[in-house]
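> The file below is protein-v9.txt, compact mmCIF, C-alpha atoms and all ligand atoms:
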```txt
# COMPACT_ATOMS: atom_id res chain seq x y z
CA MET A 468 -1.79 46.77 119.54
CA ASN A 469 -5.25 48.35 119.22
CA LEU A 470 -5.94 51.35 116.96
CA GLN A 471 -5.51 53.87 119.80
CA GLN A 472 -2.03 52.51 120.46
CA ARG A 473 -1.16 52.37 116.78
CA LEU A 474 -2.01 56.08 116.43
CA ARG A 475 0.34 57.18 119.23
CA LYS A 476 3.15 58.53 117.02
CA TYR A 477 1.79 59.14 113.56
CA LEU A 478 4.22 60.46 110.94
CA ILE A 479 2.69 62.05 107.84
CA MET A 480 4.99 62.73 104.91
CA GLY A 481 5.52 63.06 101.19
CA SER A 482 8.65 63.84 99.20
CA GLN A 483 7.66 67.54 99.16
CA ASN A 484 8.23 67.64 102.94
CA CYS A 485 11.77 66.26 102.70
CA GLN A 486 15.16 67.79 102.02
CA ARG A 487 16.67 64.29 102.17
CA ASP A 488 15.62 60.94 100.71
CA PRO A 489 12.11 60.20 102.11
CA VAL A 490 13.00 56.50 102.36
CA VAL A 491 15.92 57.34 104.68
CA ILE A 492 13.78 59.73 106.74
CA LEU A 493 11.12 57.04 107.15
CA GLU A 494 13.78 54.50 108.17
CA GLU A 495 15.07 56.91 110.84
CA ALA A 496 11.53 57.68 112.05
CA ILE A 497 10.77 53.96 112.32
CA ALA A 498 13.98 53.48 114.32
CA GLY A 499 12.74 56.26 116.63
CA GLY A 500 9.46 54.46 117.20
CA ILE A 501 6.66 55.78 114.96
CA THR A 502 3.58 53.60 115.19
CA ALA A 503 1.76 54.81 112.05
CA PHE A 504 2.64 56.44 108.74
CA GLN A 505 0.51 58.39 106.25
CA PHE A 506 1.72 58.74 102.67
CA ARG A 507 0.70 62.32 101.81
CA GLU A 508 2.22 63.23 98.46
CA LYS A 509 0.47 66.54 97.97
CA GLY A 510 1.02 70.25 97.27
CA PRO A 511 3.85 72.13 95.56
CA ASN A 512 6.61 69.85 94.19
CA ALA A 513 4.70 66.66 95.01
CA LEU A 514 5.24 63.64 92.77
CA GLU A 515 2.44 62.45 90.52
CA THR A 516 1.26 59.29 88.74
CA GLU A 517 4.03 56.66 88.27
CA GLU A 518 6.60 58.46 90.42
CA LYS A 519 4.09 58.83 93.22
CA LEU A 520 3.21 55.14 93.05
CA GLU A 521 6.88 54.14 92.93
CA LEU A 522 7.73 56.12 96.09
CA GLY A 523 4.55 54.90 97.79
CA LEU A 524 5.56 51.28 97.14
CA LYS A 525 9.00 51.82 98.72
CA LEU A 526 7.54 53.49 101.81
CA ARG A 527 4.82 50.85 102.07
CA GLN A 528 7.39 48.07 101.95
CA LEU A 529 9.37 49.66 104.80
CA CYS A 530 6.23 49.99 106.94
CA ARG A 531 5.28 46.38 106.29
CA LYS A 532 8.76 45.16 107.24
CA HIS A 533 8.57 47.01 110.57
CA HIS A 534 4.86 46.45 111.31
CA VAL A 535 4.01 50.15 111.09
CA MET A 536 0.42 50.96 110.05
CA PHE A 537 0.35 52.44 106.52
CA ILE A 538 -2.38 54.93 105.59
CA VAL A 539 -2.86 56.73 102.26
CA ASN A 540 -3.91 60.38 102.22
CA ASP A 541 -6.88 61.37 100.00
CA ASP A 542 -6.14 59.13 97.04
CA SER A 543 -8.53 56.16 97.14
CA VAL A 544 -7.10 54.87 93.85
CA LEU A 545 -3.82 54.09 95.64
CA VAL A 546 -5.34 52.06 98.47
CA GLU A 547 -5.30 48.71 96.63
CA PRO A 548 -2.01 49.05 94.68
CA LEU A 549 -0.20 50.07 97.87
CA GLU A 550 -2.07 47.48 99.95
CA ALA A 551 -2.68 50.26 102.45
CA ASP A 552 -4.16 49.53 105.87
CA GLY A 553 -6.46 52.47 105.32
CA ILE A 554 -7.10 55.97 104.05
CA HIS A 555 -7.35 59.43 105.63
CA VAL A 556 -9.72 62.02 104.16
CA GLY A 557 -10.89 65.51 105.03
CA GLN A 558 -14.14 67.40 104.72
CA ASN A 559 -13.58 68.20 101.03
CA ASP A 560 -12.44 64.74 99.97
CA VAL A 561 -14.31 61.55 99.03
CA ASP A 562 -17.39 61.04 101.17
CA VAL A 563 -16.67 58.65 104.05
CA GLU A 564 -19.89 56.65 103.57
CA GLN A 565 -18.89 56.01 99.98
CA LEU A 566 -15.39 55.06 101.13
CA ARG A 567 -16.81 52.67 103.72
CA SER A 568 -18.83 50.85 101.10
CA THR A 569 -15.78 50.62 98.80
CA PHE A 570 -13.44 49.55 101.61
CA PRO A 571 -15.48 47.70 104.24
CA GLU A 572 -12.37 46.32 105.97
CA LYS A 573 -9.98 49.27 105.75
CA ILE A 574 -9.22 51.85 108.43
CA ILE A 575 -10.83 55.20 107.59
CA GLY A 576 -9.67 58.43 109.22
CA LEU A 577 -11.53 61.74 108.97
CA SER A 578 -10.41 65.32 109.74
CA VAL A 579 -12.62 67.48 111.94
CA SER A 580 -11.91 71.12 112.78
CA SER A 581 -15.20 72.38 114.20
CA GLU A 582 -18.53 71.32 115.69
CA ALA A 583 -20.24 72.16 112.39
CA GLU A 584 -17.93 69.71 110.59
CA VAL A 585 -18.66 67.04 113.19
CA ARG A 586 -22.41 67.57 112.78
CA LYS A 587 -22.31 67.10 109.01
CA SER A 588 -20.00 64.06 109.10
CA ALA A 589 -20.91 60.38 109.24
CA ILE A 590 -18.71 59.80 112.29
CA ASP A 591 -20.23 56.34 112.83
CA VAL A 592 -18.56 54.93 109.69
CA VAL A 593 -15.02 56.12 110.45
CA ASP A 594 -12.37 54.47 112.62
CA TYR A 595 -10.50 57.49 113.92
CA LEU A 596 -10.56 61.30 113.87
CA GLY A 597 -7.78 63.79 113.11
CA ALA A 598 -8.44 67.06 114.95
CA GLY A 599 -6.69 70.30 114.10
CA PRO A 600 -4.84 72.36 113.36
CA VAL A 601 -4.09 72.38 117.05
CA PHE A 602 -1.30 74.94 116.63
CA GLY A 603 -0.21 77.19 113.76
CA THR A 604 1.30 75.35 110.81
CA SER A 605 2.95 76.46 107.58
CA THR A 606 3.09 72.93 106.15
CA LYS A 607 -0.47 72.88 104.80
CA ILE A 608 -1.20 75.90 102.60
CA ASP A 609 -4.97 75.73 103.10
CA ALA A 610 -4.91 74.91 106.82
CA LYS A 611 -7.70 76.39 108.90
CA ALA A 612 -7.09 78.72 111.86
CA PRO A 613 -5.57 76.99 114.90
CA VAL A 614 -8.17 75.44 117.17
CA GLY A 615 -5.98 74.83 120.24
CA THR A 616 -5.90 71.87 122.58
CA GLU A 617 -9.43 72.93 123.64
CA TRP A 618 -10.70 71.33 120.43
CA ILE A 619 -9.09 68.02 121.36
CA THR A 620 -10.80 68.17 124.75
CA LYS A 621 -14.15 68.91 123.08
CA VAL A 622 -13.89 66.07 120.58
CA ARG A 623 -12.87 63.69 123.36
CA ALA A 624 -15.92 64.76 125.39
CA MET A 625 -18.20 64.18 122.38
CA TYR A 626 -16.62 60.79 121.54
CA PRO A 627 -15.11 59.23 124.68
CA ASN A 628 -14.07 56.02 122.91
CA MET A 629 -13.18 57.21 119.41
CA PRO A 630 -9.51 56.89 118.45
CA LEU A 631 -8.31 60.50 118.13
CA VAL A 632 -5.12 62.24 116.99
CA GLY A 633 -4.15 65.89 117.06
CA ILE A 634 -2.50 67.48 114.04
CA GLY A 635 -0.95 70.83 113.09
CA GLY A 636 2.14 72.49 114.52
CA ILE A 637 2.87 69.63 116.90
CA THR A 638 6.45 69.30 118.13
CA ALA A 639 8.40 67.37 120.76
CA GLN A 640 7.94 70.43 123.00
CA ASN A 641 4.14 70.67 122.84
CA SER A 642 3.05 67.07 122.12
CA ARG A 643 2.41 66.32 125.79
CA SER A 644 -0.28 69.04 125.94
CA VAL A 645 -2.11 67.38 123.02
CA LEU A 646 -2.08 64.00 124.74
CA GLU A 647 -3.11 65.54 128.07
CA ALA A 648 -6.06 67.21 126.34
CA GLY A 649 -7.37 63.77 125.41
CA ALA A 650 -5.74 62.67 122.14
CA ASP A 651 -4.54 59.10 121.75
CA GLY A 652 -1.70 60.26 119.55
CA VAL A 653 0.04 63.05 117.69
CA SER A 654 0.38 63.41 113.92
CA VAL A 655 3.41 65.31 112.80
CA ILE A 656 5.00 66.41 109.53
CA SER A 657 7.66 69.15 109.77
CA ALA A 658 8.85 68.52 113.33
CA VAL A 659 10.08 65.14 112.13
CA THR A 660 10.87 65.62 108.43
CA GLN A 661 12.92 68.79 109.08
CA ALA A 662 14.71 67.48 112.17
CA ASP A 663 18.50 67.14 112.27
CA ASP A 664 18.04 64.01 114.36
CA VAL A 665 14.81 62.39 113.20
CA SER A 666 14.83 59.36 115.47
CA ARG A 667 15.57 61.46 118.55
CA VAL A 668 12.61 63.78 117.83
CA VAL A 669 10.30 60.79 117.37
CA GLU A 670 11.51 59.33 120.67
CA ARG A 671 10.70 62.62 122.42
CA LEU A 672 7.19 63.02 120.96
C1 LIG A 701 -4.28 62.41 110.82
C2 LIG A 701 -4.68 63.48 109.88
N1 LIG A 701 -5.51 64.45 110.31
C3 LIG A 701 -5.87 65.44 109.47
C4 LIG A 701 -5.40 65.46 108.17
C5 LIG A 701 -5.82 66.53 107.20
O1 LIG A 701 -6.64 65.99 106.19
P1 LIG A 701 -7.34 66.99 105.12
O2 LIG A 701 -8.15 67.96 105.88
O3 LIG A 701 -8.01 66.17 104.11
O4 LIG A 701 -6.11 67.74 104.47
P2 LIG A 701 -4.96 67.13 103.55
O5 LIG A 701 -4.02 66.37 104.41
O6 LIG A 701 -5.61 66.22 102.54
O7 LIG A 701 -4.32 68.30 102.91
C6 LIG A 701 -4.54 64.43 107.77
N2 LIG A 701 -4.04 64.37 106.53
N3 LIG A 701 -4.20 63.45 108.63
C1 LIG A 702 -1.80 67.86 106.88
C2 LIG A 702 -2.34 68.78 107.90
N1 LIG A 702 -3.67 68.76 108.23
C3 LIG A 702 -3.96 69.65 109.15
C4 LIG A 702 -5.32 69.85 109.69
O1 LIG A 702 -5.51 70.73 110.54
O2 LIG A 702 -6.21 69.11 109.29
S1 LIG A 702 -2.63 70.57 109.65
C5 LIG A 702 -1.62 69.71 108.60
C6 LIG A 702 -0.15 69.98 108.48
C7 LIG A 702 0.62 69.43 109.65
O3 LIG A 702 1.97 69.66 109.45
P1 LIG A 702 2.94 70.12 110.60
O4 LIG A 702 3.07 68.96 111.53
O5 LIG A 702 4.25 70.39 109.89
O6 LIG A 702 2.39 71.33 111.22
MG MG A 703 -7.50 65.44 102.38
```
What does the file become when written as structure tokens?

Amino acid sequence: MNLQQRLRKYLIMGSQNCQRDPVVILEEAIAGGITAFQFREKGPNALETEEKLELGLKLRQLCRKHHVMFIVNDDSVLVEPLEADGIHVGQNDVDVEQLRSTFPEKIIGLSVSSEAEVRKSAIDVVDYLGAGPVFGTSTKIDAKAPVGTEWITKVRAMYPNMPLVGIGGITAQNSRSVLEAGADGVSVISAVTQADDVSRVVERL
């Protein structure tokens, strides 16, 4: 599987997104067919330090067992202990050129929400882009205004061969429009973590 294929169904999650055991939710999502997972333990009620590492290790182990790509959000210190396949950062996180020199072999993902952000980013050192928020989201407190599927189409036109995922407010009902706009995959938090039937929602994405 190449990176485009591995990004097709990308679950992002931390314990703060779950009303049930995150390990069980990840198991169900893997059964439904996720191809990538991002450990994003962040925001109100998120675990810290040892507890964060402990949960990360459990989720990492599950991903390894099922050959699901495992990415860490923001926290470069966790990349080695969790033996992550890579790291995802945004515009206000660690600089991607610095990350590339620290992790020459890891997958690096970068968020882009506007042309200005694209212009100031070292796109050539990253492996994939996360574009959004495509739709309105209440999961990320500091999310920017929705950019619509038009932004996916624009990024695809700028970078025809760059692996690209949409993020923000994506559900089983609207995921097709994100893919049709040019994304290789969809990244989803609440539509999966809050679902009554997690594996069924993942199947439908
Ligand atoms: C796949 C993907 N795309 C975008 C983001 C958002 O990253 P960022 O802007 O750094 O915001 P936080 O997730 O750190 O709050 C992402 N995590 N994953
Ligand atoms: C983590 C994150 N990043 C975003 C961005 O636009 O960069 S939107 C977002 C939250 C996505 O959660 P949900 O699938 O529940 O809307
Ligand atoms: Mg970030």
> Which is closer to Leu596 in chain A than all the others in A:Gln471, A:Ile501, A:Ala583, A:Leu520, using all atoms listed in the file?
A:Gln471
> Using all atoms listed in the file, find each protein or nucleic acid residue lying at most 12 Å from ligand MG 703 (chain A); present the set as a PyMOL selection string.
chain A and resi 505-510+539-543+554-563+575-579+597+607+609-610
> Taking only C-alpha atoms and all ligand atoms into account, report as a ChimeraX atom specification which residues have an atom no farther than 10 Å from an atom of ligand LIG 702 (chain A).
/A:478-480,484,505,507,509,540,556-558,577-580,597-614,633-638,653-661
> List the neighbours of Ser482 in chain A out to 8 Å using all atoms listed in the file; skip same-chain residues closer than 5 positions along the sequence, and give me the result as a list in words.
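With the cut-off at 8 Å, the set is Asp488, Pro489, Glu508, Ala513 and Leu514 of chain A.
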> For ligand LIG 701 (chain A), which residue among A:Met468, A:Val490, A:Lys519, A:Glu584 is the nearest when counting all atoms listed in the file?
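Checking each of A:Met468, A:Val490, A:Lys519, A:Glu584 against ligand LIG 701 (chain A), counting all atoms listed in the file, the winner is A:Glu584.
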> Just the residues within 8 Å of range 521-532 of chain A, please, counting only C-alpha atoms, with nothing from its chain fewer than 2 positions along; format it as a list in words.
Val490, Leu493, Glu494, Phe504, Phe506, Glu517, Glu518, Lys519, His534, Val535, Met536, Phe537, Leu549, Glu550 and Ala551 of chain A
> Between CA of Leu474 in chain A and CA of Val593 in chain A, what is the distance in Å, rounded to a tenth?
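These two atoms are separated by 14.3 Å.
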> Using all atoms listed in the file, find the one residue out of A:Tyr626, A:Phe570, A:Tyr477, A:Trp618 that sits nearest to ligand LIG 701 (chain A).
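Among the listed residues, A:Tyr477 lies closest to ligand LIG 701 (chain A).
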> Could you work out how far CA of Glu670 in chain A lies from CA of Ala650 in chain A, giving the answer in Å with one decimal?
17.6 Å
> Return as JSON the centre and edge lengths, in Å with one decimal, of the box along x, y and z that encloses every atom of ligand LIG 701 (chain A) in the file, padded by 6 Å per side.

```
{"center_x": -6.1, "center_y": 65.4, "center_z": 106.7, "size_x": 16.1, "size_y": 17.9, "size_z": 20.3}
```
> Which distance in Å separates CA of Val592 in chain A and CA of Gly615 in chain A, to one decimal?
25.8 Å
> With all atoms listed in the file as the atoms that count, which of A:Ile538, A:Ala639, A:Leu470, A:Ile492 lies nearest to ligand LIG 701 (chain A)?
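Among the listed residues, the smallest separation from ligand LIG 701 (chain A) belongs to A:Ile538.
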> Which of these, A:Ser581, A:Gln640, A:Asn628, A:Thr516, has the shortest distance to ligand LIG 701 (chain A) once you count all atoms listed in the file?
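Checking each of A:Ser581, A:Gln640, A:Asn628, A:Thr516 against ligand LIG 701 (chain A), counting all atoms listed in the file, the winner is A:Ser581.
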> Between A:Glu515, A:Arg671, A:Val665, A:Thr616, which residue has the minimum interatomic distance to Ala498 in chain A, considering all atoms listed in the file?
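Among A:Glu515, A:Arg671, A:Val665, A:Thr616, it is A:Val665 that comes nearest to Ala498 in chain A.
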> Mind rebuilding range 642-660 of chain A with N, CA and C atoms and writing that out as a compact mmCIF listing (two decimals), keeping the file's coordinate frame?

```txt
# COMPACT_ATOMS: atom_id res chain seq x y z
N SER A 642 3.87 68.27 122.36
CA SER A 642 3.05 67.07 122.12
C SER A 642 2.35 66.59 123.40
N ARG A 643 3.02 66.78 124.54
CA ARG A 643 2.41 66.32 125.79
C ARG A 643 1.06 67.00 126.03
N SER A 644 0.97 68.31 125.69
CA SER A 644 -0.28 69.04 125.94
C SER A 644 -1.43 68.49 125.09
N VAL A 645 -1.09 67.96 123.91
CA VAL A 645 -2.11 67.38 123.02
C VAL A 645 -2.62 66.06 123.61
N LEU A 646 -1.70 65.28 124.13
CA LEU A 646 -2.08 64.00 124.74
C LEU A 646 -2.86 64.26 126.03
N GLU A 647 -2.42 65.24 126.80
CA GLU A 647 -3.11 65.54 128.07
C GLU A 647 -4.51 66.08 127.82
N ALA A 648 -4.73 66.70 126.66
CA ALA A 648 -6.06 67.21 126.34
C ALA A 648 -7.02 66.09 125.94
N GLY A 649 -6.48 64.89 125.69
CA GLY A 649 -7.37 63.77 125.41
C GLY A 649 -7.08 63.00 124.14
N ALA A 650 -6.06 63.41 123.38
CA ALA A 650 -5.74 62.67 122.14
C ALA A 650 -5.04 61.36 122.48
N ASP A 651 -5.26 60.37 121.61
CA ASP A 651 -4.54 59.10 121.75
C ASP A 651 -3.15 59.20 121.14
N GLY A 652 -2.98 60.16 120.22
CA GLY A 652 -1.70 60.26 119.55
C GLY A 652 -1.51 61.60 118.90
N VAL A 653 -0.29 61.79 118.38
CA VAL A 653 0.04 63.05 117.69
C VAL A 653 0.46 62.74 116.26
N SER A 654 -0.05 63.53 115.31
CA SER A 654 0.38 63.41 113.92
C SER A 654 1.25 64.61 113.59
N VAL A 655 2.37 64.30 112.97
CA VAL A 655 3.41 65.31 112.80
C VAL A 655 4.02 65.23 111.41
N ILE A 656 4.23 66.39 110.80
CA ILE A 656 5.00 66.41 109.53
C ILE A 656 6.36 67.08 109.79
N SER A 657 6.37 68.43 109.82
CA SER A 657 7.66 69.15 109.77
C SER A 657 8.56 68.89 110.96
N ALA A 658 7.99 68.71 112.15
CA ALA A 658 8.85 68.52 113.33
C ALA A 658 9.74 67.31 113.14
N VAL A 659 9.27 66.34 112.36
CA VAL A 659 10.08 65.14 112.13
C VAL A 659 10.86 65.25 110.82
N THR A 660 10.18 65.65 109.73
CA THR A 660 10.87 65.62 108.43
C THR A 660 12.01 66.64 108.36
```
